[in-house]
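Next comes protein11.txt, with compact mmCIF, C-alpha atoms.
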# COMPACT_ATOMS: atom_id res chain seq x y z
CA MET A 1 -122.08 -6.35 136.51
CA LEU A 2 -125.13 -5.14 138.41
CA LEU A 3 -126.09 -1.50 138.06
CA PRO A 4 -128.15 0.27 140.73
CA MET A 5 -131.30 2.01 139.60
CA VAL A 6 -134.69 2.78 141.08
CA THR A 7 -137.83 2.84 138.99
CA GLY A 8 -141.42 3.31 140.06
CA ARG A 9 -143.52 5.92 141.79
CA LYS A 10 -142.18 9.41 142.08
CA MET A 11 -139.49 9.25 144.72
CA THR A 12 -137.59 12.01 146.49
CA ARG A 13 -134.38 12.21 148.44
CA GLY A 14 -136.45 11.50 151.53
CA SER A 15 -137.97 8.47 149.80
CA LEU A 16 -134.55 6.94 149.31
CA ASP A 17 -133.24 7.89 152.72
CA PHE A 18 -132.54 4.40 153.97
CA GLU A 19 -129.84 1.84 153.35
CA PHE A 20 -129.91 -1.80 152.38
CA ALA A 21 -127.07 -4.01 153.61
CA LEU A 22 -126.81 -6.24 150.55
CA PHE A 23 -123.57 -8.04 151.40
CA GLY A 24 -121.46 -6.64 148.64
CA VAL A 25 -124.06 -6.85 145.86
CA VAL A 26 -125.26 -3.87 143.88
CA LEU A 27 -128.83 -4.45 142.76
CA LEU A 28 -131.46 -2.91 140.60
CA VAL A 29 -134.27 -1.83 142.87
CA VAL A 30 -137.65 -1.82 141.16
CA MET A 31 -140.87 -0.73 142.80
CA CYS A 32 -143.46 -3.36 142.02
CA ILE A 33 -146.04 -0.85 140.87
CA GLY A 34 -145.93 2.20 138.65
CA LYS A 35 -143.52 3.13 135.88
CA SER A 36 -143.50 6.89 136.04
CA GLU A 37 -139.85 7.90 136.41
CA THR A 38 -136.34 6.56 136.81
CA TRP A 39 -133.39 7.73 138.93
CA GLU A 40 -129.80 6.57 138.86
CA ILE A 41 -128.15 5.92 142.23
CA GLY A 42 -124.53 5.26 142.96
CA GLY A 43 -123.94 2.22 145.16
CA ARG A 44 -120.92 2.41 147.43
CA ILE A 45 -120.11 -0.91 149.03
CA SER A 46 -117.77 -1.99 151.78
CA SER A 47 -116.32 -5.45 152.02
CA ASN A 48 -118.20 -6.13 155.26
CA VAL A 49 -121.75 -7.44 155.25
CA SER A 50 -123.12 -4.87 157.67
CA GLU A 51 -122.45 -1.70 155.72
CA VAL A 52 -123.64 -0.62 152.30
CA SER A 53 -124.41 3.00 151.63
CA TRP A 54 -126.59 4.18 148.74
CA GLU A 55 -125.87 7.72 147.61
CA GLU A 56 -127.91 9.53 145.00
CA ALA A 57 -126.25 10.77 141.84
CA ALA A 58 -129.36 12.38 140.41
CA VAL A 59 -132.46 13.53 142.25
CA SER A 60 -135.90 14.66 141.11
CA TYR A 61 -138.24 16.54 143.43
CA PRO A 62 -142.00 16.85 143.05
CA PRO A 63 -143.38 20.38 142.60
CA GLY A 64 -143.79 22.16 145.91
CA ALA A 65 -141.64 19.70 147.86
CA LEU A 66 -140.63 21.03 151.27
CA MET A 67 -136.86 21.40 151.47
CA VAL A 68 -135.49 21.72 154.99
CA GLY A 69 -131.97 22.92 155.78
CA LEU A 70 -129.36 21.28 157.98
CA SER A 71 -128.47 22.75 161.39
CA LEU A 72 -125.52 21.59 163.45
CA VAL A 73 -126.35 20.59 167.03
CA LYS A 74 -125.56 23.45 169.39
CA GLY A 75 -123.56 22.51 172.46
CA ALA A 76 -122.46 19.19 170.96
CA ALA A 77 -118.74 19.95 170.96
CA GLU A 78 -118.75 20.79 174.67
CA ILE A 79 -119.75 17.25 175.64
CA GLY A 80 -117.85 15.45 172.88
CA ALA A 81 -121.01 14.61 170.95
CA VAL A 82 -119.50 14.10 167.51
CA CYS A 83 -119.90 11.90 164.46
CA LEU A 84 -117.54 9.01 163.72
CA ASP A 85 -115.02 11.37 162.10
CA GLY A 86 -115.22 14.04 164.81
CA THR A 87 -117.51 16.47 162.96
CA LEU A 88 -120.56 17.94 164.66
CA PRO A 89 -123.90 16.12 164.30
CA GLY A 90 -126.92 17.79 162.71
CA TYR A 91 -130.66 17.86 162.29
CA HIS A 92 -133.33 19.38 160.04
CA LEU A 93 -136.15 21.32 161.72
CA SER A 94 -139.40 22.47 160.13
CA ARG A 95 -141.32 24.71 162.54
CA GLY A 96 -144.89 23.99 163.53
CA TRP A 97 -147.73 26.46 163.45
CA GLY A 98 -151.30 26.97 164.55
CA SER A 99 -152.65 24.10 166.64
CA GLY A 100 -149.35 22.25 166.21
CA ALA A 101 -147.03 25.04 167.39
CA ASN A 102 -146.30 23.29 170.70
CA ASN A 103 -146.25 19.72 169.38
CA TRP A 104 -143.04 17.93 168.40
CA LEU A 105 -142.23 14.96 166.16
CA ILE A 106 -138.65 13.70 166.23
CA GLN A 107 -137.62 11.33 163.44
CA LEU A 108 -134.37 9.41 163.99
CA GLU A 109 -132.62 8.65 160.73
CA GLY A 110 -131.62 5.06 159.95
CA GLY A 111 -128.86 3.51 157.89
CA GLY A 112 -127.38 0.28 159.24
CA TRP A 113 -124.49 -0.07 161.69
CA CYS A 114 -120.72 -0.42 161.71
CA ASN A 115 -119.44 -3.30 163.77
CA ASP A 116 -115.69 -3.39 163.29
CA LEU A 117 -112.75 -1.14 162.49
CA ARG A 118 -113.01 -1.65 158.74
CA THR A 119 -116.70 -0.77 158.43
CA CYS A 120 -116.46 2.19 160.81
CA VAL A 121 -113.44 3.65 159.01
CA TYR A 122 -115.33 3.36 155.73
CA ARG A 123 -118.52 4.78 157.22
CA LYS A 124 -116.85 7.97 158.43
CA THR A 125 -116.24 8.90 154.79
CA THR A 126 -120.01 8.94 154.13
CA ARG A 127 -123.01 10.94 155.35
CA ARG A 128 -123.64 8.10 157.82
CA GLY A 129 -120.45 8.96 159.66
CA SER A 130 -119.73 12.61 159.01
CA SER A 131 -121.73 15.82 158.73
CA ARG A 132 -119.18 16.90 156.13
CA TYR A 133 -120.98 14.65 153.63
CA MET A 134 -124.56 15.28 154.71
CA GLU A 135 -126.98 16.97 152.33
CA ARG A 136 -127.41 20.64 153.23
CA GLU A 137 -131.15 20.31 152.72
CA ILE A 138 -133.50 17.35 152.34
CA VAL A 139 -137.12 16.75 151.39
CA PHE A 140 -139.65 16.28 154.18
CA SER A 141 -142.29 13.81 153.02
CA GLY A 142 -144.60 11.21 154.55
CA ILE A 143 -144.75 11.63 158.31
CA LEU A 144 -142.56 14.74 157.95
CA SER A 145 -144.73 16.44 155.31
CA ASN A 146 -146.18 19.89 156.03
CA LYS A 147 -149.31 19.25 153.96
CA ARG A 148 -152.52 18.09 155.59
CA SER A 149 -153.41 16.13 152.45
CA GLU A 150 -150.19 14.12 152.85
CA ASN A 151 -149.84 13.96 156.63
CA PRO A 152 -153.25 14.57 158.22
CA ASP A 153 -152.31 14.41 161.91
CA PHE A 154 -148.78 15.79 162.18
CA TYR A 155 -148.48 18.23 159.26
CA ASN A 156 -148.35 21.40 161.40
CA TRP A 157 -146.21 20.03 164.24
CA ASN A 158 -142.58 20.94 164.76
CA ARG A 159 -140.97 18.16 162.71
CA VAL A 160 -137.33 17.19 163.17
CA LYS A 161 -135.09 14.72 161.42
CA LEU A 162 -132.01 13.90 163.48
CA ARG A 163 -129.21 12.74 161.20
CA TYR A 164 -127.48 9.44 161.91
CA CYS A 165 -123.68 9.53 161.97
CA ASP A 166 -122.54 7.22 164.78
CA GLY A 167 -123.29 3.72 163.46
CA ALA A 168 -124.78 2.34 166.68
CA SER A 169 -128.40 3.58 166.71
CA PHE A 170 -127.53 6.64 168.81
CA ALA A 171 -126.47 4.37 171.69
CA GLY A 172 -122.67 4.05 171.71
CA ASP A 173 -120.23 5.87 174.00
CA MET A 174 -116.63 4.73 174.07
CA GLU A 175 -113.83 6.88 175.44
CA GLY A 176 -110.52 6.30 177.14
CA GLU A 177 -108.23 3.30 176.90
CA ASN A 178 -110.63 1.30 174.71
CA GLU A 179 -111.23 4.11 172.24
CA VAL A 180 -110.09 3.58 168.65
CA PRO A 181 -107.76 6.30 167.30
CA LYS A 182 -109.46 8.74 164.89
CA LEU A 183 -112.88 7.14 165.40
CA TYR A 184 -115.44 8.63 167.76
CA PHE A 185 -118.18 6.38 169.13
CA ARG A 186 -120.49 8.99 170.65
CA GLY A 187 -124.04 8.13 169.56
CA GLN A 188 -125.47 8.40 173.09
CA ARG A 189 -123.91 11.85 173.48
CA ILE A 190 -125.33 12.90 170.11
CA TRP A 191 -128.77 11.88 171.37
CA ARG A 192 -128.31 13.86 174.59
CA ALA A 193 -126.92 16.95 172.86
CA ALA A 194 -129.62 16.99 170.19
CA MET A 195 -132.40 16.64 172.76
CA ALA A 196 -130.88 19.42 174.89
CA ASP A 197 -130.68 21.69 171.82
CA LEU A 198 -134.28 20.97 170.80
CA LEU A 199 -135.56 21.55 174.34
CA VAL A 200 -134.10 25.05 174.12
CA GLU A 201 -135.63 25.45 170.66
CA GLY A 202 -139.08 25.02 172.24
CA MET A 203 -139.53 21.31 172.87
CA LYS A 204 -139.46 21.99 176.64
CA ASN A 205 -142.98 23.40 176.17
CA ALA A 206 -144.25 20.41 174.20
CA GLN A 207 -147.89 19.56 174.79
CA GLN A 208 -147.69 16.50 172.56
CA ALA A 209 -144.60 14.65 171.34
CA LEU A 210 -143.82 11.61 169.21
CA LEU A 211 -140.40 9.98 168.90
CA SER A 212 -140.16 8.02 165.67
CA GLY A 213 -137.46 6.48 163.55
CA CYS A 214 -136.79 4.27 160.54
CA SER A 215 -134.65 1.11 160.40
CA ALA A 216 -131.62 1.62 162.68
CA GLY A 217 -133.41 4.81 163.73
CA GLY A 218 -136.50 2.72 164.47
CA LEU A 219 -134.39 0.59 166.78
CA ALA A 220 -133.11 3.81 168.39
CA SER A 221 -136.67 5.03 168.97
CA ILE A 222 -137.29 1.87 171.00
CA ILE A 223 -134.03 2.13 172.96
CA HIS A 224 -134.60 5.81 173.81
CA CYS A 225 -138.38 5.72 174.18
CA ASP A 226 -138.61 5.96 177.97
CA ASP A 227 -135.73 8.46 178.12
CA PHE A 228 -137.62 10.67 175.66
CA ARG A 229 -140.69 10.49 177.91
CA ASP A 230 -138.57 11.61 180.88
CA LEU A 231 -137.28 14.64 178.96
CA MET A 232 -140.77 15.98 178.27
CA PRO A 233 -143.01 17.92 180.68
CA ARG A 234 -145.07 15.59 182.87
CA SER A 235 -148.26 17.02 181.43
CA SER A 236 -147.21 16.19 177.85
CA LYS A 237 -148.71 13.37 175.80
CA VAL A 238 -145.68 11.34 174.73
CA LYS A 239 -145.52 8.20 172.59
CA CYS A 240 -143.01 6.39 170.36
CA LEU A 241 -143.14 4.89 166.87
CA SER A 242 -140.67 2.38 165.44
CA ASP A 243 -140.76 1.94 161.65
CA ALA A 244 -138.86 -1.10 160.30
CA GLY A 245 -136.85 -1.22 163.52
CA PHE A 246 -138.08 -4.55 164.87
CA PHE A 247 -134.99 -6.58 163.99
CA LEU A 248 -135.26 -10.24 164.89
CA ASP A 249 -132.61 -12.54 166.30
CA VAL A 250 -133.18 -15.40 163.87
CA MET A 251 -130.96 -18.03 162.25
CA ASP A 252 -130.21 -17.51 158.59
CA VAL A 253 -130.80 -20.27 156.05
CA SER A 254 -127.40 -21.80 156.84
CA GLY A 255 -128.15 -22.05 160.56
CA VAL A 256 -126.03 -19.08 161.65
CA HIS A 257 -127.19 -16.05 163.66
CA SER A 258 -125.76 -13.48 161.22
CA LEU A 259 -127.33 -10.37 162.74
CA ARG A 260 -126.40 -11.47 166.26
CA SER A 261 -122.77 -11.53 165.18
CA ILE A 262 -123.05 -7.99 163.80
CA TYR A 263 -124.77 -6.73 166.95
CA ASN A 264 -122.07 -8.30 169.12
CA GLY A 265 -119.53 -6.23 167.24
CA VAL A 266 -121.54 -3.01 167.49
CA VAL A 267 -122.26 -3.34 171.20
CA THR A 268 -118.70 -4.32 172.13
CA MET A 269 -116.77 -1.93 169.89
CA GLN A 270 -118.92 1.13 170.50
CA GLY A 271 -119.54 0.75 174.23
CA VAL A 272 -123.29 0.39 173.87
CA ALA A 273 -123.99 -1.90 176.85
CA LYS A 274 -124.09 0.81 179.52
CA ASN A 275 -126.72 2.74 177.57
CA LEU A 276 -129.13 -0.15 177.14
CA PRO A 277 -131.99 -0.68 179.62
CA ARG A 278 -130.65 -2.27 182.79
CA ALA A 279 -133.81 -4.30 183.16
CA CYS A 280 -132.59 -6.21 180.11
CA THR A 281 -128.80 -6.22 180.57
CA SER A 282 -129.20 -7.51 184.12
CA ARG A 283 -130.75 -10.73 182.84
CA MET A 284 -128.96 -11.42 179.53
CA ASP A 285 -125.96 -10.60 177.39
CA PRO A 286 -125.99 -6.88 176.43
CA ALA A 287 -125.78 -7.70 172.71
CA GLN A 288 -129.09 -9.54 173.05
CA CYS A 289 -130.58 -6.34 174.46
CA PHE A 290 -129.89 -4.63 171.13
CA PHE A 291 -132.71 -6.77 169.74
CA PRO A 292 -136.11 -5.10 170.31
CA GLN A 293 -137.78 -8.42 171.12
CA HIS A 294 -135.96 -8.38 174.47
CA LEU A 295 -136.84 -4.75 175.26
CA LEU A 296 -140.60 -4.63 174.71
CA GLN A 297 -141.64 -6.00 178.07
CA ASP A 298 -139.82 -3.25 179.97
CA ILE A 299 -140.85 -0.17 177.97
CA LYS A 300 -143.32 1.95 179.92
CA THR A 301 -144.09 4.60 177.29
CA PRO A 302 -146.80 3.77 174.70
CA LEU A 303 -145.12 2.27 171.63
CA PHE A 304 -146.31 1.58 168.08
CA ILE A 305 -144.51 -0.98 165.90
CA LEU A 306 -144.79 -0.44 162.13
CA ASN A 307 -143.11 -3.25 160.24
CA ALA A 308 -143.45 -5.28 157.08
CA GLY A 309 -143.97 -8.94 157.93
CA TYR A 310 -141.37 -9.78 155.29
CA ASP A 311 -138.97 -6.92 155.96
CA SER A 312 -136.77 -6.52 152.88
CA TRP A 313 -133.65 -5.57 154.79
CA GLN A 314 -133.93 -8.49 157.16
CA ILE A 315 -134.58 -11.01 154.38
CA LEU A 316 -131.59 -9.82 152.37
CA SER A 317 -129.22 -9.22 155.27
CA SER A 318 -130.25 -11.47 158.14
CA LEU A 319 -132.40 -14.35 156.90
CA VAL A 320 -130.76 -14.98 153.50
CA PRO A 321 -127.43 -13.14 153.35
CA THR A 322 -125.34 -14.12 150.35
CA ALA A 323 -122.73 -15.66 152.65
CA ALA A 324 -125.37 -18.13 153.84
CA ASP A 325 -126.19 -19.22 150.28
CA PRO A 326 -122.86 -19.95 148.55
CA GLN A 327 -124.51 -22.16 145.91
CA GLY A 328 -127.02 -19.45 145.00
CA HIS A 329 -130.12 -21.56 145.61
CA TRP A 330 -131.87 -18.51 147.10
CA HIS A 331 -130.55 -15.96 144.62
CA PHE A 332 -133.75 -15.31 142.70
CA CYS A 333 -136.11 -15.86 145.62
CA ARG A 334 -134.37 -13.31 147.85
CA LEU A 335 -134.74 -10.71 145.10
CA ASN A 336 -138.39 -11.39 144.31
CA PRO A 337 -140.83 -13.55 146.30
CA ALA A 338 -142.60 -14.50 143.09
CA ASN A 339 -139.50 -16.60 142.29
CA CYS A 340 -139.59 -18.59 145.53
CA SER A 341 -140.25 -22.30 145.67
CA ALA A 342 -142.81 -23.76 148.06
CA SER A 343 -140.10 -24.70 150.56
CA GLN A 344 -138.53 -21.25 150.37
CA LEU A 345 -141.91 -19.57 150.91
CA GLN A 346 -142.31 -21.75 153.97
CA VAL A 347 -139.09 -20.27 155.39
CA LEU A 348 -140.35 -16.73 154.69
CA GLN A 349 -143.67 -17.54 156.34
CA GLY A 350 -141.75 -18.85 159.33
CA PHE A 351 -139.90 -15.52 159.59
CA ARG A 352 -143.21 -13.65 159.67
CA MET A 353 -144.56 -15.97 162.36
CA ASP A 354 -141.41 -15.43 164.44
CA MET A 355 -142.07 -11.69 164.25
CA LEU A 356 -145.71 -12.05 165.29
CA ASN A 357 -144.73 -14.31 168.19
CA GLU A 358 -142.23 -11.77 169.48
CA LEU A 359 -144.88 -9.05 169.24
CA ARG A 360 -147.31 -10.85 171.55
CA VAL A 361 -146.22 -8.62 174.44
CA LEU A 362 -147.27 -5.55 172.48
CA ALA A 363 -150.47 -7.22 171.25
CA GLY A 364 -151.52 -7.63 174.87
CA SER A 365 -150.66 -4.06 175.81
CA ARG A 366 -153.52 -1.68 176.49
CA VAL A 367 -151.56 1.34 175.20
CA GLY A 368 -149.47 -0.23 172.42
CA GLY A 369 -150.20 -0.25 168.70
CA MET A 370 -148.99 -2.05 165.60
CA PHE A 371 -149.33 -2.23 161.83
CA ILE A 372 -147.77 -5.41 160.45
CA ASN A 373 -148.52 -5.71 156.76
CA SER A 374 -147.51 -8.71 154.66
CA CYS A 375 -145.32 -6.73 152.31
CA PHE A 376 -141.72 -6.95 151.17
CA ALA A 377 -140.79 -3.44 152.24
CA HIS A 378 -138.55 -1.48 154.58
CA CYS A 379 -139.35 1.94 156.09
CA GLN A 380 -142.91 3.01 155.20
CA SER A 381 -143.42 6.19 157.25
CA GLU A 382 -141.11 8.62 155.41
CA ARG A 383 -142.24 7.67 151.90
CA GLN A 384 -145.35 9.47 150.78
CA ASP A 385 -146.63 6.60 148.66
CA THR A 386 -146.62 4.22 151.61
CA TRP A 387 -147.51 6.67 154.40
CA PHE A 388 -150.64 8.36 153.04
CA ALA A 389 -151.73 8.39 149.40
CA PRO A 390 -154.80 7.20 147.45
CA ASP A 391 -153.22 3.80 146.79
CA SER A 392 -151.12 3.43 149.93
CA PRO A 393 -150.86 0.06 151.67
CA ARG A 394 -153.81 -0.42 154.00
CA LEU A 395 -155.26 -2.81 156.52
CA LYS A 396 -158.77 -1.31 156.50
CA LYS A 397 -156.99 2.04 156.89
CA THR A 398 -153.66 3.52 155.82
CA ILE A 399 -150.54 3.55 157.94
CA ALA A 400 -150.98 7.28 158.63
CA GLU A 401 -154.56 6.74 159.77
CA SER A 402 -153.58 3.81 161.99
CA VAL A 403 -150.77 5.73 163.66
CA GLY A 404 -152.96 8.81 164.09
CA ASP A 405 -155.85 6.86 165.60
CA TRP A 406 -153.45 5.22 168.04
CA TYR A 407 -151.61 8.41 168.99
CA PHE A 408 -154.76 10.45 169.60
CA ASP A 409 -156.62 7.55 171.23
CA ARG A 410 -159.40 7.73 168.65
CA SER A 411 -159.54 3.96 168.32
CA PRO A 412 -157.33 0.90 168.96
CA SER A 413 -154.79 0.23 166.21
CA LYS A 414 -153.39 -3.27 166.26
CA GLU A 415 -153.50 -4.34 162.64
CA ILE A 416 -151.99 -7.65 161.50
CA ASP A 417 -152.20 -8.65 157.86
CA CYS A 418 -152.98 -12.07 156.45
CA ALA A 419 -150.00 -13.99 155.10
CA TYR A 420 -148.38 -13.36 151.69
CA PRO A 421 -149.62 -13.15 148.97
CA CYS A 422 -153.08 -12.02 150.10
CA ASP A 423 -152.41 -8.26 150.38
CA GLN A 424 -152.86 -6.49 147.04
CA THR A 425 -152.11 -3.01 148.44
CA CYS A 426 -148.41 -3.62 149.11
CA HIS A 427 -145.70 -1.49 147.53
CA ASN A 428 -143.18 -4.30 147.46
CA LEU A 429 -139.49 -3.75 146.88
CA ILE A 430 -138.43 -6.11 144.11
CA PHE A 431 -134.74 -6.46 143.23
CA LYS A 432 -133.57 -7.36 139.73
CA SER A 433 -130.14 -8.03 138.30
CA LYS A 434 -129.24 -6.76 134.84

Can I see the file as C-alpha cells?
Amino acid sequence: MLLPMVTGRKMTRGSLDFEFALFGVVLLVVMCIGKSETWEIGGRISSNVSEVSWEEAAVSYPPGALMVGLSLVKGAAEIGAVCLDGTLPGYHLSRGWGSGANNWLIQLEGGGWCNDLRTCVYRKTTRRGSSRYMEREIVFSGILSNKRSENPDFYNWNRVKLRYCDGASFAGDMEGENEVPKLYFRGQRIWRAAMADLLVEGMKNAQQALLSGCSAGGLASIIHCDDFRDLMPRSSKVKCLSDAGFFLDVMDVSGVHSLRSIYNGVVTMQGVAKNLPRACTSRMDPAQCFFPQHLLQDIKTPLFILNAGYDSWQILSSLVPTAADPQGHWHFCRLNPANCSASQLQVLQGFRMDMLNELRVLAGSRVGGMFINSCFAHCQSERQDTWFAPDSPRLKKTIAESVGDWYFDRSPSKEIDCAYPCDQTCHNLIFKSK
C-alpha cells in the first residue's frame, strides 16, 4: 500500500492547493530539497484517470500567515451560476491598500477536470465541486502574499482567489435537454457572476489588473484572457499569467493521446465549445481548442506563460499515465527522473522540446513573456518557496522578478532554461512509494 505524505520545505494549505491526477495511485510526495517538516494528507481517488483529489488531514501554518475568509459570489443564484452540486461558488478577497488600492490580481484556482458522469458525480462531493466542502479560510502565499518581502510587486493589490468547482476550467455551460440530472455544468456562468461581483467590489475602477491561474486555472486564465481585458476600463493596464496551464496535446508512451480523450469528454459533456474562442473553433474541432497551443495566436491581451519544462502533472497524467505502461517499465522513472534510463530521458527531453516549439508564437510576441525552467514541478506562483525566496528557482532572476519585470515593462522577460539536469535551483517534485 502507498501512503500519501509530503515532506520538505514549510508548506501551507495554499502550498498544497493543487491536484495531481495520478491514475488511481496514491504516492508519497517528497520535495527534493529540505527536511524541515512533515504533513500527512489524505488521498481520495476516483476510478477514472482524470480525477484525483488531495485533501489535507493536518495543516501547519507559518507564523503570521495571512488567512483569508471565503465569500459566496453575490448574484450567482440569479443567473444559475452554481457549482457541480448546485451550491453557490465562492472566492477569497484580501483588500489592497496604499499604491495598490485600485489594482487587482485575480487568481483562478486549479484542480483537474471531470470528463464523464462518474468523475463529475464524485467531484461534486469534494471542494472541487461544491462550496459545501470548501475551506472557510485559506492561506494567501506566493503571488497572493501581502508581504513585500514575499511578493514585491503585488503585495498591496486587491488579491482574489476564485475557487474552482465546475470541473471545466470555468468554461462549461450546459442546460436544457442535454443537461445531466443533479449535475450543474455552469463554469462560464461562475466566471461571469464572479467578475460582476468583483466589479461592484471595486474592480470597475482598476488602474492595473492581472488575471492569473494555476493548472486548470492556468488554462482558464488563457481562455478568459481577452474577456477579462474587455471587462476592465479602457485606461487600465491589463495582462494575464498562466502558471502550469500550458497543457500539450502529445501522445503518451503507448502512442495514445490520453489528454485529448479527457478533453473531448470535458468539452462535450459540459458544453464548453460555445465558450471557446471562435477564431479557433471555426478552424478545428472544439476539443482541440481546449489546448492552449491552439489559442496563443489569437490572444490579443499580453500573456505570460510560467511552466516547468518537465511539468509533473503532464508527465504523470498525460505522457506516462499508468494505463500506458502496463508492464511498469516507466514506474520508477515517472516518479523520479534520476531513475530514468537514457532512452526514457530522451522521451522527456522530447516533451520539453514539444513545449518550446508550441511556444514559438509567444517567443515572437513583442508583449508576451515566459519563464520555462527545466524542473519537475507543477504550479510555482502560489508556493512561497518557488515564487520568491532566497533559494527560489531562478533563470538569472526569480519567477516573481521575471513576472514583475514583464508586467511593469521594466525589461523583457522571456526566460528559457537549459535542458535537464543543468538547473540546480529547481524545487523538483519527487514521488516515492513506501

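Nearest residue to Gly96 in chain A, choosing from A:Ser141, A:Asn146, A:Asn156, A:Ser235 and counting all atoms listed in the file: A:Asn156.
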
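Note that the spacing between CA of Arg136 in chain A and CA of Ser71 in chain A amounts to 8.5 Å.
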
> At what distance in Å, to one decimal, does CA of Gly265 in chain A lie from CA of Ala287 in chain A?
Replying inline: 8.4 Å

> Which polymer residues have any atom within 12 Å of an atom of Gly69 in chain A, counting only C-alpha atoms, with same-chain residues fewer than 2 positions away left out, as a list of chain:residue names?
Replying inline: A:Leu66, A:Met67, A:Ser71, A:Leu72, A:Gly90, A:Tyr91, A:His92, A:Leu93, A:Ser94, A:Arg95, A:Met134, A:Glu135, A:Arg136, A:Glu137, A:Ile138, A:Val139, A:Phe140, A:Val160, A:Lys161, A:Leu162, A:Arg163

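When the distance limit is 8 Å and all atoms listed in the file are what count, the residues near range 73-79 of chain A, minus those fewer than 6 positions from it on the same chain, are A:Leu88, A:Pro89, A:Gly90, A:Tyr91, A:Arg189, A:Ile190, A:Ala193, A:Ala194, A:Asp197.
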
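CA of Ile106 in chain A lies 21.8 Å from CA of Leu84 in chain A.
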
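In terms of minimum interatomic distance to Asp385 in chain A, A:Ile143 ranks closest within A:Ala273, A:Met232, A:Ile430, A:Ile143, counting all atoms listed in the file.
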